[in-house]
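Contents: one structure, followed by commentary.
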Amino acid sequence: MNSGDVQLSAQSELQGGESLLWSGPANPGRSALSALPAALFGIPFAGFAFFWMSSAYHSTQNLANRHNTLPSGFSVFPLFGLPFLLIGLGLILSPLGVYLKGRSGVYAVTNRRVMVITGTTSRSVKSVIPTDIAEVDHRERPDGTGDVLIRTNSVMRTNNGTTQIMVGLYGVPNVKEVAGLVMKLRAQPVAS
């Protein structure tokens, strides 16, 4: 995505009285790396599901060979592992999905919010307003690019309680400048 398209994409999402301070393309490679832990978890998950399905198949075949027939319903028994295998494969392929989604992604900082824009045909805009920014952190690489990590005040319910929602701007050029803009946005006085 060229810089003109990036800026046009960000400007098309501006609301009345909102001005664009910075915009840049998402780095799909850096975004895909953020999905790597899920992919690593998916390997043993899918491996165990495949092992279970294989064992169940061989057990039903041995049973069929011994009795020259298979009791009703036993022929589909190995397929009970299929949903778990598909979930594991989905986890393994999650970095690829994040990469493909991130190719058309745009990050923007305005005088009112931080935006993460994804998709071309069905656009999605995730906005973080100043009152929702709890903490801003950045990681800089030697070439000046890096990641801006925004911890929000919003929480997501999980099985283990709640967890704060993080929004990441991955592979941002001039990461210090962008992190500074987000911190300045966070420090804005709340409008009444």
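Going by the structure tokens order, chains are called A, B, ..., each with residues numbered from 1, while ligands are numbered from 1 in the order shown.
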Leaving out A:Gly24 and any residue of its chain fewer than 4 positions from it, which residues lie within 12 Å of it when counting only C-alpha atoms, given as a PDB file with N, CA and C atoms, in the first residue's frame?
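Saved result, result.pdb, follows:
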```
ATOM      1  N   MET A   1       0.853  -1.172   0.000  1.00  0.00           N
ATOM      2  CA  MET A   1       0.000   0.000   0.000  1.00  0.00           C
ATOM      3  C   MET A   1       0.900   1.237   0.000  1.00  0.00           C
ATOM      4  N   ASN A   2       0.718   2.140  -0.948  1.00  0.00           N
ATOM      5  CA  ASN A   2       1.571   3.325  -0.996  1.00  0.00           C
ATOM      6  C   ASN A   2       1.090   4.368   0.015  1.00  0.00           C
ATOM      7  N   SER A   3       1.940   5.358   0.272  1.00  0.00           N
ATOM      8  CA  SER A   3       1.648   6.341   1.323  1.00  0.00           C
ATOM      9  C   SER A   3       0.384   7.159   1.028  1.00  0.00           C
ATOM     10  N   GLY A   4       0.102   7.407  -0.241  1.00  0.00           N
ATOM     11  CA  GLY A   4      -1.115   8.140  -0.603  1.00  0.00           C
ATOM     12  C   GLY A   4      -2.367   7.344  -0.261  1.00  0.00           C
ATOM     13  N   ASP A   5      -2.337   6.038  -0.545  1.00  0.00           N
ATOM     14  CA  ASP A   5      -3.475   5.177  -0.217  1.00  0.00           C
ATOM     15  C   ASP A   5      -3.666   5.063   1.291  1.00  0.00           C
ATOM     16  N   VAL A   6      -2.547   5.003   2.030  1.00  0.00           N
ATOM     17  CA  VAL A   6      -2.603   4.899   3.486  1.00  0.00           C
ATOM     18  C   VAL A   6      -3.273   6.143   4.057  1.00  0.00           C
ATOM     19  N   GLN A   7      -2.826   7.303   3.621  1.00  0.00           N
ATOM     20  CA  GLN A   7      -3.385   8.554   4.133  1.00  0.00           C
ATOM     21  C   GLN A   7      -4.851   8.706   3.741  1.00  0.00           C
ATOM     22  N   LEU A   8      -5.187   8.330   2.518  1.00  0.00           N
ATOM     23  CA  LEU A   8      -6.572   8.405   2.046  1.00  0.00           C
ATOM     24  C   LEU A   8      -7.471   7.481   2.864  1.00  0.00           C
ATOM     25  N   SER A   9      -6.960   6.270   3.144  1.00  0.00           N
ATOM     26  CA  SER A   9      -7.722   5.311   3.948  1.00  0.00           C
ATOM     27  C   SER A   9      -7.982   5.858   5.343  1.00  0.00           C
ATOM     28  N   ALA A  10      -6.971   6.455   5.963  1.00  0.00           N
ATOM     29  CA  ALA A  10      -7.122   7.021   7.305  1.00  0.00           C
ATOM     30  C   ALA A  10      -8.056   8.230   7.280  1.00  0.00           C
ATOM     31  N   GLN A  11      -7.908   9.102   6.291  1.00  0.00           N
ATOM     32  CA  GLN A  11      -8.745  10.302   6.211  1.00  0.00           C
ATOM     33  C   GLN A  11     -10.210   9.974   5.967  1.00  0.00           C
ATOM     34  N   LEU A  20      -5.979  14.400  11.287  1.00  0.00           N
ATOM     35  CA  LEU A  20      -5.004  13.310  11.230  1.00  0.00           C
ATOM     36  C   LEU A  20      -3.633  13.828  11.630  1.00  0.00           C
ATOM     37  N   SER A 104      -3.538  -5.133   4.202  1.00  0.00           N
ATOM     38  CA  SER A 104      -4.286  -3.926   3.840  1.00  0.00           C
ATOM     39  C   SER A 104      -4.522  -3.040   5.063  1.00  0.00           C
ATOM     40  N   GLY A 105      -3.813  -3.312   6.146  1.00  0.00           N
ATOM     41  CA  GLY A 105      -4.028  -2.571   7.382  1.00  0.00           C
ATOM     42  C   GLY A 105      -3.381  -1.197   7.394  1.00  0.00           C
ATOM     43  N   VAL A 106      -4.019  -0.295   8.122  1.00  0.00           N
ATOM     44  CA  VAL A 106      -3.533   1.073   8.271  1.00  0.00           C
ATOM     45  C   VAL A 106      -3.650   1.453   9.746  1.00  0.00           C
ATOM     46  N   TYR A 107      -2.620   2.109  10.252  1.00  0.00           N
ATOM     47  CA  TYR A 107      -2.647   2.655  11.606  1.00  0.00           C
ATOM     48  C   TYR A 107      -2.755   4.171  11.486  1.00  0.00           C
ATOM     49  N   ALA A 108      -3.461   4.800  12.407  1.00  0.00           N
ATOM     50  CA  ALA A 108      -3.586   6.253  12.380  1.00  0.00           C
ATOM     51  C   ALA A 108      -3.728   6.788  13.799  1.00  0.00           C
ATOM     52  N   VAL A 109      -3.159   7.980  14.010  1.00  0.00           N
ATOM     53  CA  VAL A 109      -3.330   8.708  15.257  1.00  0.00           C
ATOM     54  C   VAL A 109      -3.932  10.048  14.875  1.00  0.00           C
ATOM     55  N   VAL A 114      -6.816   6.721  18.446  1.00  0.00           N
ATOM     56  CA  VAL A 114      -5.895   5.872  17.691  1.00  0.00           C
ATOM     57  C   VAL A 114      -6.783   4.906  16.912  1.00  0.00           C
ATOM     58  N   MET A 115      -6.479   4.716  15.628  1.00  0.00           N
ATOM     59  CA  MET A 115      -7.290   3.819  14.798  1.00  0.00           C
ATOM     60  C   MET A 115      -6.432   2.700  14.229  1.00  0.00           C
ATOM     61  N   VAL A 116      -7.009   1.499  14.208  1.00  0.00           N
ATOM     62  CA  VAL A 116      -6.433   0.358  13.499  1.00  0.00           C
ATOM     63  C   VAL A 116      -7.486  -0.033  12.467  1.00  0.00           C
ATOM     64  N   ILE A 117      -7.153   0.199  11.198  1.00  0.00           N
ATOM     65  CA  ILE A 117      -8.091  -0.038  10.094  1.00  0.00           C
ATOM     66  C   ILE A 117      -7.622  -1.278   9.342  1.00  0.00           C
ATOM     67  N   THR A 145      12.384   1.386  13.570  1.00  0.00           N
ATOM     68  CA  THR A 145      11.017   0.864  13.531  1.00  0.00           C
ATOM     69  C   THR A 145      10.727   0.160  14.849  1.00  0.00           C
ATOM     70  N   LEU A 169       0.308  -1.530  17.483  1.00  0.00           N
ATOM     71  CA  LEU A 169       0.662  -0.965  16.179  1.00  0.00           C
ATOM     72  C   LEU A 169       2.035  -1.565  15.871  1.00  0.00           C
ATOM     73  N   TYR A 170       2.083  -2.561  15.002  1.00  0.00           N
ATOM     74  CA  TYR A 170       3.294  -3.354  14.782  1.00  0.00           C
ATOM     75  C   TYR A 170       4.077  -2.888  13.555  1.00  0.00           C
ATOM     76  N   GLY A 171       5.403  -2.828  13.715  1.00  0.00           N
ATOM     77  CA  GLY A 171       6.287  -2.472  12.607  1.00  0.00           C
ATOM     78  C   GLY A 171       6.160  -1.025  12.172  1.00  0.00           C
ATOM     79  N   VAL A 172       5.962  -0.146  13.128  1.00  0.00           N
ATOM     80  CA  VAL A 172       5.765   1.274  12.845  1.00  0.00           C
ATOM     81  C   VAL A 172       7.111   1.954  12.591  1.00  0.00           C
ATOM     82  N   PRO A 173       7.235   2.736  11.498  1.00  0.00           N
ATOM     83  CA  PRO A 173       8.457   3.518  11.321  1.00  0.00           C
ATOM     84  C   PRO A 173       8.468   4.676  12.325  1.00  0.00           C
ATOM     85  N   ASN A 174       9.640   5.121  12.730  1.00  0.00           N
ATOM     86  CA  ASN A 174       9.768   6.217  13.706  1.00  0.00           C
ATOM     87  C   ASN A 174       8.901   5.950  14.943  1.00  0.00           C
ATOM     88  N   VAL A 175       9.129   4.807  15.549  1.00  0.00           N
ATOM     89  CA  VAL A 175       8.271   4.344  16.636  1.00  0.00           C
ATOM     90  C   VAL A 175       8.235   5.313  17.816  1.00  0.00           C
ATOM     91  N   VAL A 178       5.706   8.087  17.041  1.00  0.00           N
ATOM     92  CA  VAL A 178       4.320   7.614  17.099  1.00  0.00           C
ATOM     93  C   VAL A 178       3.914   7.351  18.548  1.00  0.00           C
TER      94      VAL A 178
END
```
Pick out each residue of stretch 91-124 of chain A that DSSP on the backbone tags as alpha helix (DSSP H); I need them as a PyMOL selection string. chain A and resi 91-92+94-102
Prev. selection, C-alpha atoms, output as a PDB file, in the first residue's frame:
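The result, written out as out_24.pdb:
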```pdb
ATOM      1  CA  LEU A  91      -4.163 -22.219  15.533  1.00  0.00           C
ATOM      2  CA  ILE A  92      -1.142 -23.328  13.499  1.00  0.00           C
ATOM      3  CA  SER A  94      -3.265 -18.179  12.600  1.00  0.00           C
ATOM      4  CA  PRO A  95      -0.067 -16.228  11.736  1.00  0.00           C
ATOM      5  CA  LEU A  96      -0.917 -16.655   8.039  1.00  0.00           C
ATOM      6  CA  GLY A  97      -4.427 -15.281   8.626  1.00  0.00           C
ATOM      7  CA  VAL A  98      -3.061 -12.322  10.576  1.00  0.00           C
ATOM      8  CA  TYR A  99      -0.504 -11.692   7.813  1.00  0.00           C
ATOM      9  CA  LEU A 100      -3.143 -11.733   5.061  1.00  0.00           C
ATOM     10  CA  LYS A 101      -5.478  -9.467   7.059  1.00  0.00           C
ATOM     11  CA  GLY A 102      -2.612  -7.084   7.876  1.00  0.00           C
TER      12      GLY A 102
END
```
For A:Arg103, find every residue with an atom within 10 Å (counting only C-alpha atoms), except residues of its own chain fewer than 5 positions away, and show them as an NGL selection string. :A and (1 or 25-29 or 31 or 98 or 118-120)
Emit the selected residues as a PDB file, in the first residue's frame, including N, CA and C atoms.
```
ATOM      1  N   MET A   1       0.853  -1.172   0.000  1.00  0.00           N
ATOM      2  CA  MET A   1       0.000   0.000   0.000  1.00  0.00           C
ATOM      3  C   MET A   1       0.900   1.237   0.000  1.00  0.00           C
ATOM      4  N   PRO A  25       1.242   2.404   7.167  1.00  0.00           N
ATOM      5  CA  PRO A  25       0.740   1.062   6.852  1.00  0.00           C
ATOM      6  C   PRO A  25       1.076   0.082   7.969  1.00  0.00           C
ATOM      7  N   ALA A  26       0.193  -0.885   8.149  1.00  0.00           N
ATOM      8  CA  ALA A  26       0.478  -1.963   9.095  1.00  0.00           C
ATOM      9  C   ALA A  26       1.577  -2.836   8.501  1.00  0.00           C
ATOM     10  N   ASN A  27       2.406  -3.396   9.346  1.00  0.00           N
ATOM     11  CA  ASN A  27       3.448  -4.318   8.903  1.00  0.00           C
ATOM     12  C   ASN A  27       2.923  -5.729   9.138  1.00  0.00           C
ATOM     13  N   PRO A  28       2.471  -6.415   8.072  1.00  0.00           N
ATOM     14  CA  PRO A  28       1.836  -7.718   8.272  1.00  0.00           C
ATOM     15  C   PRO A  28       2.786  -8.767   8.847  1.00  0.00           C
ATOM     16  N   GLY A  29       4.069  -8.664   8.536  1.00  0.00           N
ATOM     17  CA  GLY A  29       5.039  -9.616   9.080  1.00  0.00           C
ATOM     18  C   GLY A  29       5.165  -9.498  10.584  1.00  0.00           C
ATOM     19  N   SER A  31       2.915  -8.200  12.580  1.00  0.00           N
ATOM     20  CA  SER A  31       1.631  -8.610  13.153  1.00  0.00           C
ATOM     21  C   SER A  31       1.537 -10.130  13.234  1.00  0.00           C
ATOM     22  N   VAL A  98      -3.388 -13.670  10.103  1.00  0.00           N
ATOM     23  CA  VAL A  98      -3.061 -12.322  10.576  1.00  0.00           C
ATOM     24  C   VAL A  98      -2.250 -11.584   9.510  1.00  0.00           C
ATOM     25  N   THR A 118      -8.519  -2.252   9.168  1.00  0.00           N
ATOM     26  CA  THR A 118      -8.169  -3.463   8.426  1.00  0.00           C
ATOM     27  C   THR A 118      -9.233  -3.742   7.375  1.00  0.00           C
ATOM     28  N   GLY A 119      -8.829  -4.461   6.349  1.00  0.00           N
ATOM     29  CA  GLY A 119      -9.745  -4.884   5.292  1.00  0.00           C
ATOM     30  C   GLY A 119      -9.910  -3.838   4.211  1.00  0.00           C
ATOM     31  N   THR A 120     -10.282  -4.323   3.036  1.00  0.00           N
ATOM     32  CA  THR A 120     -10.539  -3.419   1.919  1.00  0.00           C
ATOM     33  C   THR A 120     -12.013  -3.469   1.530  1.00  0.00           C
TER      34      THR A 120
END
```
Residues at most 10 Å from A:Ser154, counting only C-alpha atoms, excluding those fewer than 4 positions away in the same chain, as a list in words? Val128, Asp132, Ile133, Ala134, Thr162, Thr163, Gln164, Ile165 and Met166 of chain A
Quick check, in Å to one decimal: how far apart do atom CA of A:Gly88 and atom CA of A:Ala39 lie? 8.3 Å
Give me the residues within 8 Å of A:Leu85 as a PDB file with C-alpha atoms, in the first residue's frame, counting only C-alpha atoms and dropping any in the same chain fewer than 3 places off.
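Heads up, here's the output in selection-v3.pdb:
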```pdb
ATOM      1  CA  PHE A  45      -2.962 -29.664  20.081  1.00  0.00           C
ATOM      2  CA  ALA A  46      -3.327 -30.802  16.454  1.00  0.00           C
ATOM      3  CA  GLY A  47      -0.705 -33.526  16.944  1.00  0.00           C
ATOM      4  CA  ALA A  49      -5.907 -34.875  17.953  1.00  0.00           C
ATOM      5  CA  PHE A  50      -4.303 -36.592  14.947  1.00  0.00           C
ATOM      6  CA  GLY A  81     -11.390 -35.980  16.988  1.00  0.00           C
ATOM      7  CA  LEU A  82     -11.912 -33.997  13.773  1.00  0.00           C
ATOM      8  CA  GLY A  88      -5.321 -27.154  16.107  1.00  0.00           C
ATOM      9  CA  LEU A  89      -4.752 -26.542  12.401  1.00  0.00           C
TER      10      LEU A  89
END
```
If you take only C-alpha atoms and a cut-off of 8 Å, which residues of stretch 18-115 of chain A touch stretch 184-188 of chain A, and what are their nearest atom pairs and distances in Å to one decimal, in chain and number order, as a tab-separated table?
```
residue	atom	partner	partner_atom	distance
A:Asn111	CA	A:Leu185	CA	6.8
A:Arg112	CA	A:Leu185	CA	7.1
A:Arg113	CA	A:Leu185	CA	7.3
```
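Restricting the calculation to only C-alpha atoms, the smallest distance between A:Ala56 and any of A:Ser34, A:Phe77, A:His138, A:Thr110 is found for A:Phe77.
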